file query07.cif (mmCIF, C-alpha atoms and all ligand atoms)
data_protein
#
loop_
_atom_site.label_atom_id
_atom_site.label_comp_id
_atom_site.auth_asym_id
_atom_site.auth_seq_id
_atom_site.Cartn_x
_atom_site.Cartn_y
_atom_site.Cartn_z
CA MET A 53 -17.21 -55.87 130.27
CA PRO A 54 -16.12 -55.79 126.61
CA ILE A 55 -18.74 -55.09 123.97
CA HIS A 56 -20.22 -58.23 122.44
CA LEU A 57 -18.35 -59.25 119.30
CA LEU A 58 -21.44 -58.79 117.17
CA ASP A 59 -22.36 -55.40 118.62
CA ARG A 60 -19.48 -53.64 116.85
CA ARG A 61 -19.79 -52.19 113.35
CA ILE A 62 -16.95 -54.03 111.61
CA LEU A 63 -15.72 -57.53 112.33
CA PHE A 64 -12.62 -58.78 110.51
CA VAL A 65 -12.40 -62.53 110.24
CA THR A 66 -8.92 -63.73 109.35
CA GLY A 67 -7.09 -67.04 109.22
CA LYS A 68 -5.36 -69.55 107.01
CA GLY A 69 -7.29 -70.70 103.93
CA GLY A 70 -9.31 -73.88 104.30
CA VAL A 71 -9.88 -73.69 108.06
CA GLY A 72 -13.52 -72.70 107.63
CA LYS A 73 -13.20 -68.91 107.60
CA SER A 74 -16.04 -68.39 105.13
CA SER A 75 -18.32 -70.83 106.94
CA VAL A 76 -17.61 -69.16 110.29
CA SER A 77 -18.10 -65.67 108.79
CA LEU A 78 -21.51 -66.71 107.49
CA ALA A 79 -22.44 -68.36 110.79
CA LEU A 80 -21.45 -65.16 112.63
CA GLY A 81 -23.59 -63.25 110.13
CA LEU A 82 -26.55 -65.56 110.74
CA LEU A 83 -26.20 -65.10 114.48
CA ALA A 84 -25.96 -61.31 114.20
CA ALA A 85 -29.06 -61.26 111.98
CA ARG A 86 -30.86 -63.43 114.56
CA ARG A 87 -29.92 -60.81 117.15
CA GLY A 88 -31.70 -58.24 114.98
CA ARG A 89 -28.64 -56.65 113.39
CA ARG A 90 -28.76 -55.91 109.68
CA THR A 91 -25.58 -57.66 108.63
CA ILE A 92 -23.51 -58.00 105.51
CA VAL A 93 -20.77 -60.58 105.04
CA ALA A 94 -18.20 -59.17 102.63
CA GLU A 95 -16.01 -61.65 100.76
CA VAL A 96 -12.70 -60.05 99.98
CA SER A 97 -11.12 -60.84 96.58
CA SER A 98 -12.45 -64.34 96.59
CA HIS A 99 -13.96 -66.40 93.87
CA GLU A 100 -15.88 -68.71 96.10
CA HIS A 101 -19.24 -66.91 96.20
CA LEU A 102 -20.66 -67.17 99.70
CA GLN A 103 -24.14 -66.83 98.24
CA ARG A 104 -23.87 -70.41 96.94
CA ALA A 105 -24.09 -71.85 100.46
CA PHE A 106 -27.60 -70.38 100.44
CA GLY A 107 -28.40 -71.61 96.94
CA HIS A 108 -28.06 -68.11 95.47
CA ASP A 109 -26.08 -67.23 92.39
CA GLY A 110 -26.66 -63.56 91.85
CA ARG A 111 -24.36 -60.83 90.52
CA ARG A 112 -21.08 -60.26 92.22
CA PHE A 113 -20.03 -56.88 93.68
CA GLU A 114 -23.65 -56.19 94.49
CA GLU A 115 -25.36 -56.52 97.82
CA VAL A 116 -27.37 -59.75 97.76
CA GLU A 117 -29.91 -60.70 100.44
CA LEU A 118 -29.37 -64.24 101.75
CA GLY A 119 -32.09 -64.29 104.37
CA PRO A 120 -33.86 -61.97 106.81
CA GLY A 121 -31.34 -59.29 107.79
CA LEU A 122 -28.40 -61.11 106.19
CA PHE A 123 -26.65 -59.90 103.07
CA THR A 124 -23.46 -60.65 101.20
CA ILE A 125 -21.20 -58.89 98.73
CA SER A 126 -17.91 -59.65 96.97
CA ILE A 127 -15.42 -56.85 97.22
CA ASP A 128 -13.03 -56.31 94.35
CA PRO A 129 -10.47 -53.46 94.46
CA GLU A 130 -10.96 -52.38 90.82
CA HIS A 131 -14.70 -52.25 91.26
CA ALA A 132 -14.31 -50.42 94.60
CA MET A 133 -12.04 -47.84 92.92
CA GLU A 134 -14.50 -47.13 90.11
CA GLU A 135 -17.25 -46.73 92.66
CA TYR A 136 -15.11 -44.47 94.85
CA LEU A 137 -14.18 -42.23 91.92
CA ARG A 138 -17.78 -42.10 90.75
CA VAL A 139 -18.99 -41.02 94.17
CA LYS A 140 -16.08 -38.72 95.03
CA ALA A 141 -15.11 -37.24 91.67
CA GLY A 142 -18.33 -37.51 89.65
CA PRO A 143 -18.22 -37.98 85.89
CA ILE A 144 -14.51 -37.15 85.58
CA GLY A 145 -13.67 -39.73 88.20
CA GLN A 146 -15.76 -42.22 86.35
CA VAL A 147 -13.86 -41.59 83.12
CA LEU A 148 -10.52 -41.82 84.94
CA GLY A 149 -11.54 -45.04 86.63
CA HIS A 150 -12.18 -46.62 83.27
CA THR A 151 -8.80 -45.56 81.89
CA ARG A 152 -6.54 -48.61 81.70
CA LEU A 153 -3.34 -46.67 82.34
CA PHE A 154 -4.81 -44.98 85.41
CA GLN A 155 -6.06 -48.30 86.70
CA ALA A 156 -2.73 -50.02 86.07
CA LEU A 157 -0.81 -47.24 87.86
CA THR A 158 -3.15 -47.17 90.81
CA MET A 159 -3.25 -50.92 91.26
CA ALA A 160 0.55 -51.11 91.02
CA THR A 161 0.89 -48.87 94.08
CA PRO A 162 1.78 -51.20 96.98
CA GLY A 163 -1.09 -51.45 99.43
CA MET A 164 -3.56 -49.69 97.12
CA ARG A 165 -5.69 -52.81 96.60
CA GLU A 166 -5.91 -53.23 100.37
CA LEU A 167 -6.76 -49.56 100.88
CA LEU A 168 -9.56 -49.68 98.31
CA THR A 169 -10.89 -52.93 99.77
CA VAL A 170 -10.87 -51.71 103.35
CA GLY A 171 -12.33 -48.40 102.15
CA LYS A 172 -15.30 -50.31 100.77
CA ILE A 173 -15.70 -52.28 104.01
CA TRP A 174 -15.64 -48.99 105.89
CA GLU A 175 -18.16 -47.46 103.49
CA LEU A 176 -20.56 -50.37 104.06
CA ALA A 177 -20.32 -49.75 107.82
CA GLN A 178 -21.15 -46.02 107.64
CA PRO A 179 -24.52 -44.94 109.02
CA GLU A 180 -24.89 -42.78 105.91
CA ARG A 181 -23.86 -44.70 102.85
CA ARG A 182 -22.00 -42.85 100.10
CA THR A 183 -23.27 -44.99 97.29
CA ARG A 184 -26.59 -44.25 95.71
CA ASP A 185 -29.49 -46.19 97.30
CA GLY A 186 -27.10 -47.62 99.89
CA VAL A 187 -29.03 -48.85 102.92
CA PRO A 188 -26.95 -48.78 106.10
CA TYR A 189 -25.83 -51.94 107.87
CA ASP A 190 -25.43 -52.46 111.59
CA LEU A 191 -22.55 -54.87 111.10
CA VAL A 192 -20.07 -55.63 108.32
CA ILE A 193 -18.25 -58.95 108.61
CA ALA A 194 -15.15 -59.03 106.40
CA ASP A 195 -14.14 -62.52 105.28
CA ALA A 196 -10.48 -61.83 104.50
CA PRO A 197 -8.73 -64.27 102.15
CA SER A 198 -5.72 -65.16 104.33
CA THR A 199 -4.01 -64.17 107.56
CA GLY A 200 -1.40 -61.97 105.87
CA HIS A 201 -3.98 -60.31 103.71
CA GLY A 202 -6.20 -59.65 106.72
CA ILE A 203 -3.35 -57.80 108.45
CA GLY A 204 -2.62 -55.96 105.20
CA LEU A 205 -6.19 -54.68 105.09
CA ILE A 206 -6.04 -53.44 108.67
CA ARG A 207 -2.68 -51.68 108.21
CA ALA A 208 -3.28 -50.06 104.81
CA PRO A 209 -5.20 -46.95 105.94
CA ARG A 210 -2.59 -45.95 108.53
CA THR A 211 0.26 -46.55 106.08
CA PHE A 212 -1.35 -44.32 103.47
CA ALA A 213 -2.24 -41.66 106.02
CA GLU A 214 1.44 -41.56 107.05
CA ILE A 215 2.84 -41.46 103.51
CA ALA A 216 0.44 -38.78 102.30
CA ARG A 217 1.04 -36.06 104.88
CA MET A 218 -2.05 -34.12 103.81
CA GLY A 219 -4.74 -34.05 101.15
CA PRO A 220 -7.63 -36.40 100.47
CA ILE A 221 -5.63 -39.66 100.82
CA HIS A 222 -4.27 -38.57 104.18
CA HIS A 223 -7.72 -37.52 105.32
CA GLN A 224 -9.45 -40.70 104.10
CA GLY A 225 -6.64 -42.93 105.38
CA SER A 226 -6.61 -41.46 108.86
CA THR A 227 -10.41 -41.47 109.14
CA ILE A 228 -10.51 -45.18 108.32
CA ALA A 229 -7.45 -45.96 110.48
CA LYS A 230 -9.14 -44.31 113.46
CA THR A 231 -12.30 -46.43 113.14
CA LEU A 232 -10.24 -49.60 112.75
CA ALA A 233 -8.24 -48.81 115.88
CA ASP A 234 -11.43 -48.08 117.82
CA ARG A 235 -12.17 -51.35 119.61
CA GLU A 236 -15.79 -50.37 120.16
CA PHE A 237 -16.25 -49.99 116.42
CA THR A 238 -14.03 -52.73 115.03
CA ALA A 239 -13.34 -56.28 116.20
CA ILE A 240 -10.84 -58.79 114.88
CA ALA A 241 -11.41 -62.52 115.06
CA ALA A 242 -9.27 -65.39 113.83
CA VAL A 243 -10.43 -68.77 112.66
CA CYS A 244 -8.21 -71.82 112.91
CA THR A 245 -8.46 -75.55 113.36
CA PRO A 246 -6.94 -77.28 116.41
CA GLU A 247 -3.84 -78.35 114.49
CA GLU A 248 -0.23 -77.34 114.81
CA MET A 249 0.21 -75.13 111.73
CA PRO A 250 -3.04 -73.15 111.99
CA VAL A 251 -2.42 -72.66 115.73
CA ASN A 252 1.14 -71.42 115.01
CA GLU A 253 -0.26 -68.99 112.48
CA THR A 254 -2.87 -67.71 114.93
CA VAL A 255 -0.23 -67.16 117.62
CA ALA A 256 1.91 -65.26 115.08
CA LEU A 257 -1.11 -63.18 114.05
CA HIS A 258 -1.81 -62.34 117.68
CA GLU A 259 1.80 -61.20 118.20
CA GLU A 260 1.76 -59.13 115.03
CA LEU A 261 -1.48 -57.43 116.05
CA VAL A 262 -0.18 -56.70 119.54
CA GLY A 263 2.94 -55.15 117.99
CA TYR A 264 0.60 -52.94 116.04
CA GLY A 265 -1.36 -51.85 119.11
CA LEU A 266 -4.33 -54.12 118.34
CA ASP A 267 -5.43 -57.55 119.50
CA LEU A 268 -7.63 -60.48 118.64
CA ASP A 269 -11.07 -60.26 120.21
CA ALA A 270 -11.86 -63.94 119.69
CA VAL A 271 -10.53 -67.09 118.08
CA ALA A 272 -12.97 -69.56 116.59
CA VAL A 273 -11.41 -72.99 116.73
CA ASN A 274 -13.31 -74.82 114.04
CA ALA A 275 -13.91 -78.50 113.35
CA CYS A 276 -13.26 -79.73 116.91
CA TYR A 277 -13.94 -83.39 117.55
CA ALA A 278 -16.20 -84.24 120.46
CA GLU A 279 -14.48 -86.02 123.37
CA ARG A 280 -16.52 -89.16 123.01
CA PHE A 281 -14.43 -91.52 125.10
CA ALA A 282 -13.15 -90.85 128.58
CA ASP A 283 -9.59 -91.73 129.65
CA ALA A 284 -10.88 -94.72 131.62
CA GLU A 285 -12.51 -96.13 128.49
CA LEU A 286 -9.30 -96.16 126.49
CA PRO A 287 -7.88 -99.44 127.92
CA VAL A 288 -11.34 -100.98 127.48
CA LEU A 289 -11.31 -100.11 123.77
CA THR A 290 -7.71 -101.31 123.32
CA GLY A 291 -8.46 -104.55 125.15
CA ALA A 292 -11.60 -105.12 123.09
CA LEU A 293 -9.63 -104.62 119.87
CA ALA A 294 -7.04 -107.20 120.96
CA GLY A 295 -9.81 -109.74 121.57
CA ALA A 296 -12.08 -108.87 118.63
CA GLU A 297 -12.28 -111.28 115.72
CA LEU A 298 -15.08 -110.01 113.49
CA PRO A 299 -13.64 -107.62 110.85
CA ARG A 300 -16.59 -105.27 111.33
CA THR A 301 -16.02 -105.07 115.08
CA ARG A 302 -12.29 -104.51 114.59
CA ALA A 303 -12.97 -101.73 112.06
CA ALA A 304 -15.40 -99.99 114.43
CA LEU A 305 -12.97 -100.21 117.36
CA ARG A 306 -10.08 -98.92 115.23
CA ALA A 307 -12.26 -95.98 114.10
CA ALA A 308 -13.12 -95.21 117.72
CA LEU A 309 -9.45 -95.32 118.77
CA SER A 310 -8.32 -93.17 115.86
CA GLU A 311 -10.98 -90.54 116.57
CA ARG A 312 -9.91 -90.54 120.22
CA ALA A 313 -6.26 -90.10 119.14
CA ARG A 314 -7.21 -87.15 116.93
CA ALA A 315 -9.26 -85.60 119.70
CA ASP A 316 -6.17 -85.91 121.97
CA VAL A 317 -3.97 -84.09 119.46
CA GLN A 318 -6.66 -81.42 119.10
CA ALA A 319 -6.90 -81.02 122.88
CA GLN A 320 -3.13 -80.39 123.08
CA GLN A 321 -3.35 -77.69 120.41
CA LEU A 322 -6.37 -76.13 122.12
CA ASP A 323 -4.39 -75.97 125.38
CA ARG A 324 -1.47 -74.34 123.62
CA LEU A 325 -3.74 -71.70 122.12
CA GLU A 326 -5.62 -71.15 125.39
CA GLN A 327 -2.32 -70.29 127.10
CA VAL A 328 -1.58 -67.53 124.58
CA LEU A 329 -5.16 -66.27 124.27
CA PRO A 330 -6.88 -67.10 127.56
CA GLY A 331 -10.65 -66.86 127.55
CA LYS A 332 -10.83 -65.97 123.87
CA LEU A 333 -11.41 -69.38 122.32
CA ILE A 334 -14.72 -70.40 120.84
CA ARG A 335 -14.93 -74.12 120.06
CA LEU A 336 -16.93 -75.08 117.00
CA PRO A 337 -17.79 -78.71 116.28
CA PHE A 338 -16.64 -80.79 113.37
CA LEU A 339 -19.79 -81.28 111.30
CA PHE A 340 -20.26 -84.64 109.67
CA ALA A 341 -21.98 -83.45 106.50
CA PRO A 342 -21.06 -83.69 102.81
CA ALA A 343 -21.18 -79.89 102.48
CA ILE A 344 -21.84 -76.81 104.58
CA GLY A 345 -25.36 -75.54 103.82
CA PRO A 346 -27.97 -73.53 105.76
CA ALA A 347 -28.56 -76.33 108.33
CA GLN A 348 -24.83 -76.63 109.12
CA LEU A 349 -24.46 -72.85 109.31
CA ASP A 350 -27.37 -72.77 111.74
CA ALA A 351 -25.61 -75.38 113.89
CA LEU A 352 -22.40 -73.30 113.87
CA ALA A 353 -24.42 -70.18 114.72
CA ASP A 354 -25.95 -72.04 117.70
CA ALA A 355 -22.50 -73.03 118.96
CA LEU A 356 -21.31 -69.43 118.56
CA GLU A 357 -24.36 -68.11 120.38
CA ASP A 358 -23.76 -70.37 123.41
CA GLN A 359 -20.15 -69.28 123.75
CA LEU A 360 -20.43 -65.60 122.86
CA ALA A 361 -23.06 -64.94 125.52
N1 LIG B 401 -17.09 -77.22 111.28
C1 LIG B 401 -16.86 -77.88 110.13
N2 LIG B 401 -16.99 -79.22 110.06
C2 LIG B 401 -16.77 -79.89 108.91
N3 LIG B 401 -16.40 -79.30 107.76
C3 LIG B 401 -16.24 -77.97 107.74
C4 LIG B 401 -16.46 -77.18 108.91
N4 LIG B 401 -16.23 -75.87 108.60
C5 LIG B 401 -15.88 -75.85 107.29
N5 LIG B 401 -15.89 -77.10 106.76
C6 LIG B 401 -15.55 -77.48 105.39
O1 LIG B 401 -14.19 -77.12 105.18
C7 LIG B 401 -14.00 -76.61 103.88
C8 LIG B 401 -13.43 -75.20 103.96
O2 LIG B 401 -14.40 -74.34 104.54
P1 LIG B 401 -14.48 -72.78 104.16
O3 LIG B 401 -15.45 -72.17 105.07
O4 LIG B 401 -14.67 -72.59 102.70
O5 LIG B 401 -12.99 -72.38 104.58
P2 LIG B 401 -12.07 -71.13 104.17
O6 LIG B 401 -12.97 -69.98 103.86
O7 LIG B 401 -11.24 -70.93 105.39
O8 LIG B 401 -11.26 -71.56 103.01
C9 LIG B 401 -15.34 -76.65 103.18
O9 LIG B 401 -15.39 -77.81 102.41
C10 LIG B 401 -16.33 -76.71 104.32
O10 LIG B 401 -17.49 -77.39 103.92
MG MG B 402 -13.12 -68.74 102.23
#
call {"tool": "encode", "arguments": {"input": "query07.cif", "output": "structure tokens", "more": "lines below"}}
Ligand SMILES: Nc1ncnc2c1ncn2[C@@H]1O[C@H](COP(=O)(O)OP(=O)(O)O)[C@@H](O)[C@H]1O
Ligand SMILES: [Mg+2]
result
Amino acid sequence: MPIHLLDRRILFVTGKGGVGKSSVSLALGLLAARRGRRTIVAEVSSHEHLQRAFGHDGRRFEEVELGPGLFTISIDPEHAMEEYLRVKAGPIGQVLGHTRLFQALTMATPGMRELLTVGKIWELAQPERRTRDGVPYDLVIADAPSTGHGIGLIRAPRTFAEIARMGPIHHQGSTIAKTLADREFTAIAAVCTPEEMPVNETVALHEELVGYGLDLDAVAVNACYAERFADAELPVLTGALAGAELPRTRAALRAALSERARADVQAQQLDRLEQVLPGKLIRLPFLFAPAIGPAQLDALADALEDQLA
């Protein structure tokens, strides 16, 4: 029996932009907090501000409480580096971190931004926090900005550990790489919508992870339409449309048929994904609301809870 997705310490949430990754990350956070886990949802290099869904607009790069047991933070590599140097190297590190040339050189190193970002995620998940006044979290949910970037975050520590054969970077890199490879500590989830391109991207992500000795623990398929009309009802709807004269009736029947057609396309994509990732799909409903706020996140958390049991 695998460990429940929300009983790990780090959960990476990856996927194509716009599929609902941030909403699903927050809903997962809500659910974890409901289960009594002190949880932080970390937005990675994003300018969206998750706190806004909860009506907050506090300072970025700081841990902000959204509700009981639920926190958020924006992670920025430059900020993470300054913090790391401050904690690790004391006042000298702090001075170095503020030096433009040093910053420019460090940030120009390929993979360094990812390493610093994942280092911060890792730090948040440590039972003893390095930062001053840091209170430990039970779970860190990383809302990664895109599929490629998500993979980049996961690979960075191992890459650096391999390049630097010894010394602090090797040590830090391999420590983090070990926790990321530990499936009891770290989980990886993808978010997609039941459409061709996002499904293709999820399949590609799965293959890339497998090639790297990892795997997806779950795939949240977001914005699924309900199957409102059975197959037998389809000819009834089509027949009714042929005989309908009132414009309002015709419009309603057309809307019903078009939703049914979309649900069919979605079902095909869901089947395709289920074949590649059997038993790993979590279906989340399309929410008819002008925006995603606390009520919608609660509804997504409910749907997650039912299927993650
Ligand atoms: N289940 C859903 N039903 C309807 N709209 C959704 C759903 N999930 C997300 N959205 C909407 O889709 C848009 C993108 O969501 P967001 O969570 O910001 O995605 P991402 O982080 O992947 O870019 C937002 O406008 C959000 O309100
Ligand atoms: Mg987002």
call {"tool": "closest_residue", "arguments": {"input": "query07.cif", "among": "A:Val93, A:Leu78, A:Ala196, A:Leu322", "to": "A:Val273", "atoms": "only C-alpha atoms"}}
result
A:Leu322
call {"tool": "residues_near_ligand", "arguments": {"input": "query07.cif", "ligand": "ligand LIG 401 (chain B)", "cutoff": "7 Å", "atoms": "only C-alpha atoms and all ligand atoms", "output": "PyMOL selection string"}}
result
chain A and resi 67-76+274-275+336-341+343-344
call {"tool": "atom_distance", "arguments": {"input": "query07.cif", "atom1": "atom CA of A:Val251", "atom2": "atom CA of A:Asp323"}}
result
10.4 Å
call {"tool": "residues_around", "arguments": {"input": "query07.cif", "residues": "A:Glu259", "least_positions_apart": "6", "cutoff": "12 Å", "atoms": "all atoms listed in the file", "output": "JSON, numbers by chain"}}
result
{"A": [203, 252, 253, 265, 266, 267, 268, 328, 329]}
call {"tool": "closest_residue", "arguments": {"input": "query07.cif", "among": "A:Ala132, A:Leu333, A:Val65, A:Val116", "to": "ligand MG 402 (chain B)", "atoms": "all atoms listed in the file"}}
result
A:Val65
call {"tool": "residues_around", "arguments": {"input": "query07.cif", "residues": "A:Ala242", "least_positions_apart": "3", "cutoff": "7 Å", "atoms": "only C-alpha atoms", "output": "list in words"}}
result
Val65, Thr66, Gly67, Thr254, Ala270, Val271 and Ala272 of chain A
call {"tool": "residues_around", "arguments": {"input": "query07.cif", "residues": "A:Ala84", "least_positions_apart": "4", "cutoff": "12 Å", "atoms": "all atoms listed in the file", "output": "ChimeraX atom specification"}}
result
/A:56-63,77-80,88-93,119-123,189-193,350,353-354,356-357,360
call {"tool": "closest_residue", "arguments": {"input": "query07.cif", "among": "A:Val243, A:Ile206, A:Leu286, A:Leu325", "to": "ligand MG 402 (chain B)", "atoms": "only C-alpha atoms and all ligand atoms"}}
result
A:Val243
call {"tool": "atom_distance", "arguments": {"input": "query07.cif", "atom1": "atom CA of A:Arg302", "atom2": "atom CA of A:Glu247"}}
result
27.5 Å
call {"tool": "atom_distance", "arguments": {"input": "query07.cif", "atom1": "atom CA of A:Phe237", "atom2": "atom CA of A:Pro330"}}
result
22.5 Å
call {"tool": "closest_residue", "arguments": {"input": "query07.cif", "among": "A:Val187, A:Ala194, A:Ala216, A:Ala160", "to": "ligand MG 402 (chain B)", "atoms": "all atoms listed in the file"}}
result
A:Ala194
call {"tool": "closest_residue", "arguments": {"input": "query07.cif", "among": "A:Gln155, A:Gln348, A:Val255, A:Ala94", "to": "A:Glu326", "atoms": "only C-alpha atoms"}}
result
A:Val255
call {"tool": "residues_around", "arguments": {"input": "query07.cif", "residues": "A:Met164", "least_positions_apart": "4", "cutoff": "10 Å", "atoms": "only C-alpha atoms", "output": "ChimeraX atom specification"}}
result
/A:129,133,157-160,168-170,205,208-209,212
